[in-house]
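Novice: Sending over final_20.csv (CSV, C-alpha atoms).
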```csv
chain,number,residue,atom,x,y,z
V,491,MET,CA,35.0,-17.4,4.2
V,492,ILE,CA,36.1,-16.9,0.6
V,493,ALA,CA,36.5,-13.5,-1.1
V,494,THR,CA,38.3,-13.4,-4.4
V,495,ILE,CA,38.9,-11.3,-7.5
V,496,THR,CA,39.6,-13.5,-10.5
V,497,ALA,CA,40.3,-13.2,-14.2
V,498,GLY,CA,38.7,-16.5,-15.0
V,499,ALA,CA,35.1,-17.6,-15.1
V,500,ILE,CA,33.4,-17.9,-11.7
V,501,SER,CA,31.7,-21.2,-10.8
V,502,LEU,CA,28.5,-20.7,-8.9
V,503,ASP,CA,28.5,-24.3,-7.9
V,504,ALA,CA,32.0,-24.2,-6.4
V,505,LEU,CA,31.1,-21.1,-4.4
V,506,ALA,CA,27.9,-22.6,-3.2
V,507,ASP,CA,29.8,-25.7,-2.0
V,508,VAL,CA,32.1,-23.4,0.1
V,509,VAL,CA,29.1,-22.3,2.2
V,510,ARG,CA,27.1,-25.6,2.1
V,511,HIS,CA,27.0,-27.5,5.4
V,512,SER,CA,24.8,-29.9,7.3
V,513,SER,CA,23.1,-27.4,9.6
V,514,ALA,CA,22.3,-24.9,6.8
V,515,GLY,CA,18.7,-25.4,5.6
V,516,ALA,CA,18.9,-22.4,3.2
V,517,LEU,CA,21.4,-21.5,0.5
V,518,VAL,CA,20.9,-18.3,-1.4
V,519,THR,CA,23.1,-17.3,-4.3
V,520,PHE,CA,23.3,-14.1,-6.4
V,521,GLU,CA,24.8,-13.8,-9.9
V,522,GLY,CA,25.5,-10.4,-11.4
V,523,VAL,CA,25.3,-11.0,-15.2
V,524,VAL,CA,26.5,-8.7,-18.1
V,525,ARG,CA,23.4,-7.2,-19.7
V,526,ASP,CA,22.9,-6.2,-23.3
V,527,HIS,CA,21.9,-2.7,-22.6
V,528,SER,CA,22.5,0.1,-20.1
V,529,ARG,CA,20.8,3.4,-19.2
V,530,ASP,CA,22.9,6.5,-18.6
V,531,THR,CA,22.2,9.2,-16.1
V,532,SER,CA,20.1,11.2,-18.7
V,533,GLY,CA,17.9,8.1,-19.2
V,534,GLU,CA,19.1,7.2,-22.6
V,535,THR,CA,19.5,3.5,-23.4
V,536,HIS,CA,22.7,2.1,-25.0
V,537,ALA,CA,23.3,-1.2,-26.7
V,538,ILE,CA,26.3,-2.9,-25.0
V,539,GLN,CA,28.8,-4.9,-26.9
V,540,HIS,CA,30.9,-6.0,-23.9
V,541,LEU,CA,32.2,-4.7,-20.6
V,542,GLU,CA,35.8,-4.3,-19.3
V,543,TYR,CA,36.2,-4.7,-15.5
V,544,GLU,CA,39.3,-3.4,-13.7
V,545,ALA,CA,40.2,-3.7,-10.0
V,546,TYR,CA,42.8,-2.4,-7.6
V,547,ILE,CA,43.3,-6.1,-6.8
V,548,PRO,CA,45.0,-6.2,-3.4
V,549,MET,CA,42.6,-3.7,-2.0
V,550,ALA,CA,39.6,-5.2,-3.7
V,551,GLU,CA,40.3,-8.6,-2.2
V,552,ARG,CA,40.6,-7.0,1.2
V,553,GLU,CA,37.4,-5.0,0.9
V,554,MET,CA,35.5,-8.1,-0.4
V,555,ALA,CA,36.9,-10.1,2.6
V,556,ARG,CA,35.7,-7.3,4.9
V,557,VAL,CA,32.2,-7.4,3.5
V,558,VAL,CA,32.0,-11.2,3.7
V,559,GLU,CA,33.3,-11.2,7.3
V,560,GLU,CA,30.8,-8.5,8.3
V,561,VAL,CA,28.0,-10.5,6.8
V,562,GLU,CA,29.1,-13.7,8.5
V,563,LYS,CA,29.3,-11.9,11.9
V,564,ARG,CA,26.1,-9.9,11.7
V,565,TRP,CA,23.8,-12.7,10.4
V,566,LYS,CA,25.7,-15.7,11.8
V,567,VAL,CA,25.8,-17.2,8.3
V,568,ARG,CA,28.5,-18.6,5.9
V,569,CYS,CA,29.3,-16.3,3.0
V,570,ALA,CA,31.5,-16.5,-0.1
V,571,ALA,CA,31.9,-14.0,-2.9
V,572,SER,CA,33.9,-13.7,-6.1
V,573,HIS,CA,34.2,-10.9,-8.6
V,574,ARG,CA,35.6,-11.3,-12.1
V,575,VAL,CA,37.8,-8.7,-13.9
V,576,GLY,CA,38.8,-8.4,-17.6
V,577,LYS,CA,36.7,-8.4,-20.7
V,578,LEU,CA,33.2,-9.9,-20.2
V,579,GLN,CA,30.7,-10.7,-22.9
V,580,ILE,CA,26.9,-10.4,-22.6
V,581,GLY,CA,25.7,-13.2,-20.4
V,582,ASP,CA,29.0,-13.6,-18.6
V,583,VAL,CA,28.8,-13.7,-14.8
V,584,ALA,CA,30.7,-10.7,-13.3
V,585,VAL,CA,30.0,-11.4,-9.6
V,586,VAL,CA,28.7,-14.3,-7.4
V,587,VAL,CA,27.6,-14.2,-3.8
V,588,ALA,CA,26.6,-17.3,-1.9
V,589,VAL,CA,25.2,-17.4,1.6
V,590,SER,CA,24.0,-20.3,3.7
V,591,SER,CA,22.0,-20.2,7.0
V,592,ALA,CA,19.8,-22.3,9.1
V,593,HIS,CA,16.7,-20.6,7.8
V,594,ARG,CA,16.0,-18.7,4.5
V,595,GLY,CA,15.3,-15.2,6.0
V,596,ASP,CA,18.8,-14.6,7.1
V,597,ALA,CA,20.3,-16.0,3.9
V,598,PHE,CA,18.2,-13.7,1.7
V,599,GLU,CA,18.9,-10.7,3.8
V,600,ALA,CA,22.6,-11.3,4.2
V,601,CYS,CA,23.0,-12.0,0.4
V,602,ARG,CA,21.3,-8.8,-0.5
V,603,PHE,CA,23.4,-6.8,1.9
V,604,ALA,CA,26.6,-8.4,0.7
V,605,ILE,CA,26.1,-7.6,-3.0
V,606,ASP,CA,24.9,-4.0,-2.2
V,607,ARG,CA,28.0,-3.4,0.0
V,608,ILE,CA,30.4,-5.0,-2.6
V,609,LYS,CA,29.0,-2.5,-5.2
V,610,GLU,CA,29.6,0.4,-2.8
V,611,THR,CA,33.0,-0.2,-1.4
V,612,VAL,CA,35.1,-2.7,-3.4
V,613,PRO,CA,37.5,-0.8,-5.8
V,614,ILE,CA,36.3,-2.3,-9.1
V,615,TRP,CA,35.4,-0.3,-12.2
V,616,LYS,CA,33.7,-1.1,-15.4
V,617,ARG,CA,33.9,0.4,-18.8
V,618,GLU,CA,31.0,-0.1,-21.1
V,619,VAL,CA,31.8,-0.7,-24.7
V,620,ALA,CA,28.5,0.2,-26.5
V,621,THR,CA,27.6,0.5,-30.1
V,622,ASP,CA,27.7,4.3,-29.8
V,623,GLY,CA,30.7,4.9,-27.5
V,624,ILE,CA,33.0,3.7,-24.7
V,625,TRP,CA,32.8,5.1,-21.2
V,626,TRP,CA,33.6,4.3,-17.6
V,627,VAL,CA,30.5,3.8,-15.5
V,628,GLU,CA,29.8,6.4,-12.8
V,629,ASN,CA,32.6,8.5,-14.2
V,630,PRO,CA,31.6,11.9,-12.7
V,631,VAL,CA,33.6,14.1,-15.1
V,632,GLU,CA,32.9,12.8,-18.6
V,633,ASN,CA,30.1,10.3,-18.7
V,634,ALA,CA,30.0,9.7,-22.4
V,635,SER,CA,32.6,10.1,-25.1
V,636,SER,CA,33.1,8.5,-28.5
Q,571,MET,CA,74.9,14.4,13.0
Q,572,ILE,CA,71.7,15.6,11.4
Q,573,ASP,CA,70.0,18.3,13.4
Q,574,SER,CA,66.3,18.7,13.6
Q,575,ALA,CA,66.2,21.8,11.4
Q,576,GLU,CA,67.8,19.7,8.6
Q,577,ASN,CA,65.5,16.8,9.3
Q,578,SER,CA,62.5,19.0,8.8
Q,579,LYS,CA,63.6,19.9,5.3
Q,580,SER,CA,63.6,16.3,4.1
Q,581,LEU,CA,61.1,15.2,1.5
Q,582,LEU,CA,58.6,12.4,1.8
Q,583,GLN,CA,57.9,10.6,-1.5
Q,584,PHE,CA,54.5,9.3,-2.4
Q,585,HIS,CA,53.6,7.0,-5.2
Q,586,ILE,CA,49.9,7.4,-6.1
Q,587,LEU,CA,48.0,4.8,-8.1
Q,588,LEU,CA,45.3,5.9,-10.5
Q,589,PHE,CA,42.5,3.8,-12.0
Q,590,ALA,CA,39.7,3.8,-14.6
Q,591,GLY,CA,38.5,7.3,-15.8
Q,592,LEU,CA,41.0,9.1,-13.6
Q,593,ARG,CA,43.9,7.3,-15.1
Q,594,ASP,CA,42.6,8.2,-18.6
Q,595,ALA,CA,42.1,11.8,-17.6
Q,596,LEU,CA,45.7,12.1,-16.3
Q,597,GLN,CA,47.1,9.8,-19.1
Q,598,SER,CA,49.1,7.9,-16.5
Q,599,ASP,CA,48.6,5.0,-14.1
Q,600,SER,CA,50.4,6.7,-11.3
Q,601,LEU,CA,51.7,10.0,-9.9
Q,602,ASP,CA,54.8,10.7,-7.9
Q,603,VAL,CA,54.4,13.6,-5.5
Q,604,SER,CA,56.8,14.7,-2.7
Q,605,LEU,CA,55.9,16.7,0.4
Q,606,GLN,CA,58.1,18.5,2.9
Q,607,ALA,CA,58.3,16.3,6.0
Q,608,GLY,CA,57.8,19.3,8.2
Q,609,SER,CA,57.5,18.7,11.9
Q,610,THR,CA,56.1,15.6,13.5
Q,611,PRO,CA,53.4,14.4,13.2
Q,612,GLY,CA,53.7,14.0,9.5
Q,613,PRO,CA,51.5,15.4,6.7
Q,614,THR,CA,47.9,14.4,6.3
Q,615,VAL,CA,45.9,13.1,3.3
Q,616,ALA,CA,44.5,16.6,3.0
Q,617,ASP,CA,48.0,18.0,2.8
Q,618,LEU,CA,48.8,15.6,0.0
Q,619,LEU,CA,45.7,16.4,-1.9
Q,620,ARG,CA,46.5,20.2,-1.8
Q,621,GLU,CA,49.9,19.5,-3.2
Q,622,CYS,CA,48.5,17.2,-5.9
Q,623,GLU,CA,45.9,19.8,-6.9
Q,624,THR,CA,48.6,22.4,-7.3
Q,625,GLN,CA,50.8,20.2,-9.4
Q,626,PHE,CA,48.0,18.6,-11.4
Q,627,PRO,CA,45.1,21.2,-11.9
Q,628,VAL,CA,43.0,18.6,-13.8
Q,629,LEU,CA,42.5,16.9,-10.5
Q,630,ARG,CA,40.4,19.7,-9.2
Q,631,ASP,CA,37.2,18.4,-10.8
Q,632,TRP,CA,37.9,14.9,-9.6
Q,633,LEU,CA,38.9,15.3,-5.9
Q,634,PRO,CA,35.4,15.9,-4.6
Q,635,HIS,CA,34.3,12.5,-6.1
Q,636,ILE,CA,37.2,10.3,-5.2
Q,637,ARG,CA,38.2,8.4,-2.1
Q,638,ILE,CA,41.8,8.1,-1.0
Q,639,ALA,CA,43.2,4.7,0.0
Q,640,VAL,CA,46.3,4.5,2.1
Q,641,ASN,CA,48.0,1.1,2.3
Q,642,LEU,CA,44.9,-0.6,1.0
Q,643,GLU,CA,42.4,1.2,3.4
Q,644,TYR,CA,40.0,4.0,2.8
Q,645,SER,CA,41.4,7.1,4.6
Q,646,GLN,CA,40.1,10.3,6.2
Q,647,PRO,CA,41.4,13.8,5.4
Q,648,ASN,CA,43.2,13.8,8.7
Q,649,THR,CA,44.9,10.4,8.2
Q,650,ARG,CA,48.6,10.8,8.7
Q,651,LEU,CA,51.0,9.7,6.0
Q,652,GLN,CA,54.5,8.2,6.2
Q,653,ASP,CA,57.2,8.0,3.7
Q,654,GLY,CA,56.6,5.2,1.2
Q,655,ASP,CA,52.9,4.7,2.0
Q,656,GLU,CA,51.0,3.2,-1.0
Q,657,ILE,CA,48.3,5.8,-1.9
Q,658,ALA,CA,45.5,5.2,-4.4
Q,659,PHE,CA,42.9,7.6,-5.8
Q,660,ILE,CA,39.7,5.6,-6.0
Q,661,PRO,CA,37.2,7.1,-8.4
Q,662,PRO,CA,33.5,6.1,-7.9
Q,663,VAL,CA,33.4,2.3,-8.0
Q,664,ALA,CA,31.2,0.3,-10.3
Q,665,GLY,CA,31.5,-3.4,-9.5
Q,666,GLY,CA,28.7,-5.9,-9.9
```
Give the structure from the file, written as structure tokens.
Specialist:
Amino acid sequence: MIATITAGAISLDALADVVRHSSAGALVTFEGVVRDHSRDTSGETHAIQHLEYEAYIPMAEREMARVVEEVEKRWKVRCAASHRVGKLQIGDVAVVVAVSSAHRGDAFEACRFAIDRIKETVPIWKREVATDGIWWVENPVENASS
Amino acid sequence: MIDSAENSKSLLQFHILLFAGLRDALQSDSLDVSLQAGSTPGPTVADLLRECETQFPVLRDWLPHIRIAVNLEYSQPNTRLQDGDEIAFIPPVAGG
């Protein structure tokens, strides 16, 4: 079980190796990658220059670990996850999840659950720096300002 | 000797961490708020929020949208607080 928040680049291979083992016939990985555009709640598309991720690190590590442990228990799989913080450029990997299991069904399902849950509960925030403004994503009070 | 009446007047100090858009809105990365200890059991998260809202009216628009962490765990309104607990206001998260 590995669940980390890191300021450096995440190695997908290293995380996959954490869960790789001889009785696992399936290994599923997910990479969340910084995209060059985003759509706001009004449906307008913005060109992204870069993203800034911030975390409440001690709690984020704890919540990530909780998700990973829940996944391992529920699907009887091995799981590892890492999320990056700081300034990320387009194409940079923000989050990686790796899951191994005996057969592919459980690995796909568990990996999907893990990334969905991480996005729901782990205290990490991102600020989009776009060509037309800067804003925190899912900020309920002021969604766009210059 | 400190009698119970005097005890009940003591103040509990809370250091509240702020993040992301909430930190920008309050122009600070933390708030220090004190509450009367009152009688046991101690104050709840809901009590703390009421006090915060009084002291920082700008929070009113945020409180319905944020979760409150106490000592690195998401709390409930009826979670009891102790002096020195680490509190964090967690605005809607956006990892991934």
Novice: Pick out the closest residue to chain V from this set: Q:Val615, Q:Leu633, Q:Leu605, Q:Ala590. Count all atoms listed in the file.
Specialist: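 Smallest separation from chain V among the options: Q:Ala590.
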Novice: With 8 Å as the limit and counting all atoms listed in the file, what residues in chain V lie close to chain Q? Please list them as a compact mmCIF listing (two decimals) with C-alpha atoms, keeping the file's coordinate frame.
Specialist:
```txt
# COMPACT_ATOMS: atom_id res chain seq x y z
CA GLY V 522 25.50 -10.40 -11.40
CA TYR V 543 36.20 -4.70 -15.50
CA GLU V 544 39.30 -3.40 -13.70
CA TYR V 546 42.80 -2.40 -7.60
CA PRO V 548 45.00 -6.20 -3.40
CA MET V 549 42.60 -3.70 -2.00
CA ARG V 552 40.60 -7.00 1.20
CA HIS V 573 34.20 -10.90 -8.60
CA ALA V 584 30.70 -10.70 -13.30
CA VAL V 585 30.00 -11.40 -9.60
CA ILE V 605 26.10 -7.60 -3.00
CA ILE V 608 30.40 -5.00 -2.60
CA LYS V 609 29.00 -2.50 -5.20
CA GLU V 610 29.60 0.40 -2.80
CA THR V 611 33.00 -0.20 -1.40
CA VAL V 612 35.10 -2.70 -3.40
CA PRO V 613 37.50 -0.80 -5.80
CA ILE V 614 36.30 -2.30 -9.10
CA TRP V 615 35.40 -0.30 -12.20
CA LYS V 616 33.70 -1.10 -15.40
CA ARG V 617 33.90 0.40 -18.80
CA TRP V 626 33.60 4.30 -17.60
CA VAL V 627 30.50 3.80 -15.50
CA GLU V 628 29.80 6.40 -12.80
CA ASN V 629 32.60 8.50 -14.20
CA PRO V 630 31.60 11.90 -12.70
CA VAL V 631 33.60 14.10 -15.10
```
Novice: Near Trp565 of chain V, within 12 Å and counting all atoms listed in the file, which residues show up once chain neighbours fewer than 6 positions away are dropped, as a ChimeraX atom specification?
Specialist: /V:558-559,589-604
Novice: Would you compute the distance between atom CA of Thr519 of chain V and atom CA of Arg607 of chain V? Give it in Å to one decimal.
Specialist: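 Spanning atom CA of Thr519 of chain V to atom CA of Arg607 of chain V is a straight-line distance of 15.4 Å.
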Novice: What does the structure give for the distance between atom CA of Thr535 of chain V and atom CA of Gly623 of chain V, in Å to one decimal?
Specialist: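 Between these atoms lies a distance of 12.0 Å.
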Novice: Within 7 Å of His585 of chain Q, counting all atoms listed in the file, which residues qualify if same-chain residues fewer than 3 places away don't, as a count of residues only?
Specialist: 6
Novice: Grab the atom CA of Glu618 of chain V to atom CA of Gln539 of chain V distance for me, in Å with one decimal place.
Specialist: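 We find that atom CA of Glu618 of chain V and atom CA of Gln539 of chain V lie 7.8 Å from each other.
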Novice: Point out the residue among Q:Ser598, Q:Leu581, Q:Pro647, Q:Arg630 with the least atom-to-atom distance to Leu618 of chain Q, counting all atoms listed in the file.
Specialist: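 Going through Q:Ser598, Q:Leu581, Q:Pro647, Q:Arg630 one by one, the smallest distance to Leu618 of chain Q is for Q:Pro647.
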Novice: In the coordinates of the file, take the point (53.3, 15.4, 14.4) and a cut-off of 12 Å; then, counting all atoms listed in the file, name each qualifying protein, DNA or RNA residue as a list of chain:residue names.
Specialist: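 Output: Q:Ser578, Q:Ala607, Q:Gly608, Q:Ser609, Q:Thr610, Q:Pro611, Q:Gly612, Q:Pro613, Q:Thr614, Q:Asn648, Q:Thr649, Q:Arg650, Q:Leu651, Q:Gln652.
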Novice: Place N, CA and C atoms on segment 575-611 of chain Q and deliver the coordinates as a PDB file, in the coordinates of the input.
Specialist:
```pdb
ATOM      1  N   ALA Q 575      66.580  20.785  12.433  1.00  0.00           N
ATOM      2  CA  ALA Q 575      66.200  21.800  11.400  1.00  0.00           C
ATOM      3  C   ALA Q 575      66.448  21.143  10.008  1.00  0.00           C
ATOM      4  N   GLU Q 576      67.525  20.356   9.902  1.00  0.00           N
ATOM      5  CA  GLU Q 576      67.800  19.700   8.600  1.00  0.00           C
ATOM      6  C   GLU Q 576      66.806  18.612   8.333  1.00  0.00           C
ATOM      7  N   ASN Q 577      66.490  17.898   9.383  1.00  0.00           N
ATOM      8  CA  ASN Q 577      65.500  16.800   9.300  1.00  0.00           C
ATOM      9  C   ASN Q 577      64.192  17.350   8.697  1.00  0.00           C
ATOM     10  N   SER Q 578      63.782  18.526   9.174  1.00  0.00           N
ATOM     11  CA  SER Q 578      62.500  19.000   8.800  1.00  0.00           C
ATOM     12  C   SER Q 578      62.429  19.422   7.323  1.00  0.00           C
ATOM     13  N   LYS Q 579      63.608  19.521   6.695  1.00  0.00           N
ATOM     14  CA  LYS Q 579      63.600  19.900   5.300  1.00  0.00           C
ATOM     15  C   LYS Q 579      63.529  18.661   4.381  1.00  0.00           C
ATOM     16  N   SER Q 580      63.581  17.463   4.972  1.00  0.00           N
ATOM     17  CA  SER Q 580      63.600  16.300   4.100  1.00  0.00           C
ATOM     18  C   SER Q 580      62.275  16.093   3.426  1.00  0.00           C
ATOM     19  N   LEU Q 581      62.328  15.424   2.285  1.00  0.00           N
ATOM     20  CA  LEU Q 581      61.100  15.200   1.500  1.00  0.00           C
ATOM     21  C   LEU Q 581      60.573  13.825   1.681  1.00  0.00           C
ATOM     22  N   LEU Q 582      59.250  13.743   1.745  1.00  0.00           N
ATOM     23  CA  LEU Q 582      58.600  12.400   1.800  1.00  0.00           C
ATOM     24  C   LEU Q 582      58.069  12.163   0.364  1.00  0.00           C
ATOM     25  N   GLN Q 583      58.312  10.939  -0.093  1.00  0.00           N
ATOM     26  CA  GLN Q 583      57.900  10.600  -1.500  1.00  0.00           C
ATOM     27  C   GLN Q 583      56.648   9.731  -1.427  1.00  0.00           C
ATOM     28  N   PHE Q 584      55.697  10.081  -2.283  1.00  0.00           N
ATOM     29  CA  PHE Q 584      54.500   9.300  -2.400  1.00  0.00           C
ATOM     30  C   PHE Q 584      54.214   8.866  -3.802  1.00  0.00           C
ATOM     31  N   HIS Q 585      53.906   7.586  -3.940  1.00  0.00           N
ATOM     32  CA  HIS Q 585      53.600   7.000  -5.200  1.00  0.00           C
ATOM     33  C   HIS Q 585      52.052   6.796  -5.199  1.00  0.00           C
ATOM     34  N   ILE Q 586      51.335   7.459  -6.100  1.00  0.00           N
ATOM     35  CA  ILE Q 586      49.900   7.400  -6.100  1.00  0.00           C
ATOM     36  C   ILE Q 586      49.354   6.661  -7.272  1.00  0.00           C
ATOM     37  N   LEU Q 587      48.572   5.617  -7.009  1.00  0.00           N
ATOM     38  CA  LEU Q 587      48.000   4.800  -8.100  1.00  0.00           C
ATOM     39  C   LEU Q 587      46.719   5.410  -8.593  1.00  0.00           C
ATOM     40  N   LEU Q 588      46.533   5.354  -9.906  1.00  0.00           N
ATOM     41  CA  LEU Q 588      45.300   5.900 -10.500  1.00  0.00           C
ATOM     42  C   LEU Q 588      44.585   4.787 -11.260  1.00  0.00           C
ATOM     43  N   PHE Q 589      43.278   4.888 -11.316  1.00  0.00           N
ATOM     44  CA  PHE Q 589      42.500   3.800 -12.000  1.00  0.00           C
ATOM     45  C   PHE Q 589      41.394   4.444 -12.856  1.00  0.00           C
ATOM     46  N   ALA Q 590      40.927   3.604 -13.750  1.00  0.00           N
ATOM     47  CA  ALA Q 590      39.700   3.800 -14.600  1.00  0.00           C
ATOM     48  C   ALA Q 590      39.743   5.239 -15.203  1.00  0.00           C
ATOM     49  N   GLY Q 591      38.648   5.981 -15.061  1.00  0.00           N
ATOM     50  CA  GLY Q 591      38.500   7.300 -15.800  1.00  0.00           C
ATOM     51  C   GLY Q 591      39.565   8.278 -15.314  1.00  0.00           C
ATOM     52  N   LEU Q 592      39.993   8.180 -14.068  1.00  0.00           N
ATOM     53  CA  LEU Q 592      41.000   9.100 -13.600  1.00  0.00           C
ATOM     54  C   LEU Q 592      42.352   8.888 -14.227  1.00  0.00           C
ATOM     55  N   ARG Q 593      42.653   7.610 -14.429  1.00  0.00           N
ATOM     56  CA  ARG Q 593      43.900   7.300 -15.100  1.00  0.00           C
ATOM     57  C   ARG Q 593      43.856   7.804 -16.559  1.00  0.00           C
ATOM     58  N   ASP Q 594      42.706   7.651 -17.202  1.00  0.00           N
ATOM     59  CA  ASP Q 594      42.600   8.200 -18.600  1.00  0.00           C
ATOM     60  C   ASP Q 594      42.730   9.678 -18.598  1.00  0.00           C
ATOM     61  N   ALA Q 595      42.111  10.357 -17.607  1.00  0.00           N
ATOM     62  CA  ALA Q 595      42.100  11.800 -17.600  1.00  0.00           C
ATOM     63  C   ALA Q 595      43.575  12.333 -17.402  1.00  0.00           C
ATOM     64  N   LEU Q 596      44.369  11.619 -16.600  1.00  0.00           N
ATOM     65  CA  LEU Q 596      45.700  12.100 -16.300  1.00  0.00           C
ATOM     66  C   LEU Q 596      46.755  11.382 -17.249  1.00  0.00           C
ATOM     67  N   GLN Q 597      46.251  10.476 -18.083  1.00  0.00           N
ATOM     68  CA  GLN Q 597      47.100   9.800 -19.100  1.00  0.00           C
ATOM     69  C   GLN Q 597      48.305   9.125 -18.402  1.00  0.00           C
ATOM     70  N   SER Q 598      48.070   8.576 -17.209  1.00  0.00           N
ATOM     71  CA  SER Q 598      49.100   7.900 -16.500  1.00  0.00           C
ATOM     72  C   SER Q 598      48.520   7.002 -15.433  1.00  0.00           C
ATOM     73  N   ASP Q 599      49.192   5.892 -15.128  1.00  0.00           N
ATOM     74  CA  ASP Q 599      48.600   5.000 -14.100  1.00  0.00           C
ATOM     75  C   ASP Q 599      49.135   5.309 -12.713  1.00  0.00           C
ATOM     76  N   SER Q 600      49.992   6.338 -12.595  1.00  0.00           N
ATOM     77  CA  SER Q 600      50.400   6.700 -11.300  1.00  0.00           C
ATOM     78  C   SER Q 600      51.003   8.146 -11.280  1.00  0.00           C
ATOM     79  N   LEU Q 601      51.086   8.730 -10.101  1.00  0.00           N
ATOM     80  CA  LEU Q 601      51.700  10.000  -9.900  1.00  0.00           C
ATOM     81  C   LEU Q 601      52.747   9.922  -8.830  1.00  0.00           C
ATOM     82  N   ASP Q 602      53.849  10.642  -8.967  1.00  0.00           N
ATOM     83  CA  ASP Q 602      54.800  10.700  -7.900  1.00  0.00           C
ATOM     84  C   ASP Q 602      54.843  12.134  -7.355  1.00  0.00           C
ATOM     85  N   VAL Q 603      54.552  12.255  -6.073  1.00  0.00           N
ATOM     86  CA  VAL Q 603      54.400  13.600  -5.500  1.00  0.00           C
ATOM     87  C   VAL Q 603      55.288  13.569  -4.190  1.00  0.00           C
ATOM     88  N   SER Q 604      56.014  14.661  -3.958  1.00  0.00           N
ATOM     89  CA  SER Q 604      56.800  14.700  -2.700  1.00  0.00           C
ATOM     90  C   SER Q 604      56.272  15.886  -1.861  1.00  0.00           C
ATOM     91  N   LEU Q 605      56.363  15.685  -0.568  1.00  0.00           N
ATOM     92  CA  LEU Q 605      55.900  16.700   0.400  1.00  0.00           C
ATOM     93  C   LEU Q 605      57.066  16.930   1.383  1.00  0.00           C
ATOM     94  N   GLN Q 606      57.158  18.174   1.873  1.00  0.00           N
ATOM     95  CA  GLN Q 606      58.100  18.500   2.900  1.00  0.00           C
ATOM     96  C   GLN Q 606      57.698  17.661   4.179  1.00  0.00           C
ATOM     97  N   ALA Q 607      58.675  17.045   4.810  1.00  0.00           N
ATOM     98  CA  ALA Q 607      58.300  16.300   6.000  1.00  0.00           C
ATOM     99  C   ALA Q 607      57.796  17.157   7.101  1.00  0.00           C
ATOM    100  N   GLY Q 608      58.307  18.400   7.182  1.00  0.00           N
ATOM    101  CA  GLY Q 608      57.800  19.300   8.200  1.00  0.00           C
ATOM    102  C   GLY Q 608      58.095  18.778   9.591  1.00  0.00           C
ATOM    103  N   SER Q 609      57.291  19.196  10.540  1.00  0.00           N
ATOM    104  CA  SER Q 609      57.500  18.700  11.900  1.00  0.00           C
ATOM    105  C   SER Q 609      56.585  17.508  12.132  1.00  0.00           C
ATOM    106  N   THR Q 610      56.910  16.744  13.141  1.00  0.00           N
ATOM    107  CA  THR Q 610      56.100  15.600  13.500  1.00  0.00           C
ATOM    108  C   THR Q 610      54.823  16.132  14.185  1.00  0.00           C
ATOM    109  N   PRO Q 611      53.653  15.491  14.089  1.00  0.00           N
ATOM    110  CA  PRO Q 611      53.400  14.400  13.200  1.00  0.00           C
ATOM    111  C   PRO Q 611      53.396  14.758  11.753  1.00  0.00           C
TER     112      PRO Q 611
END
```
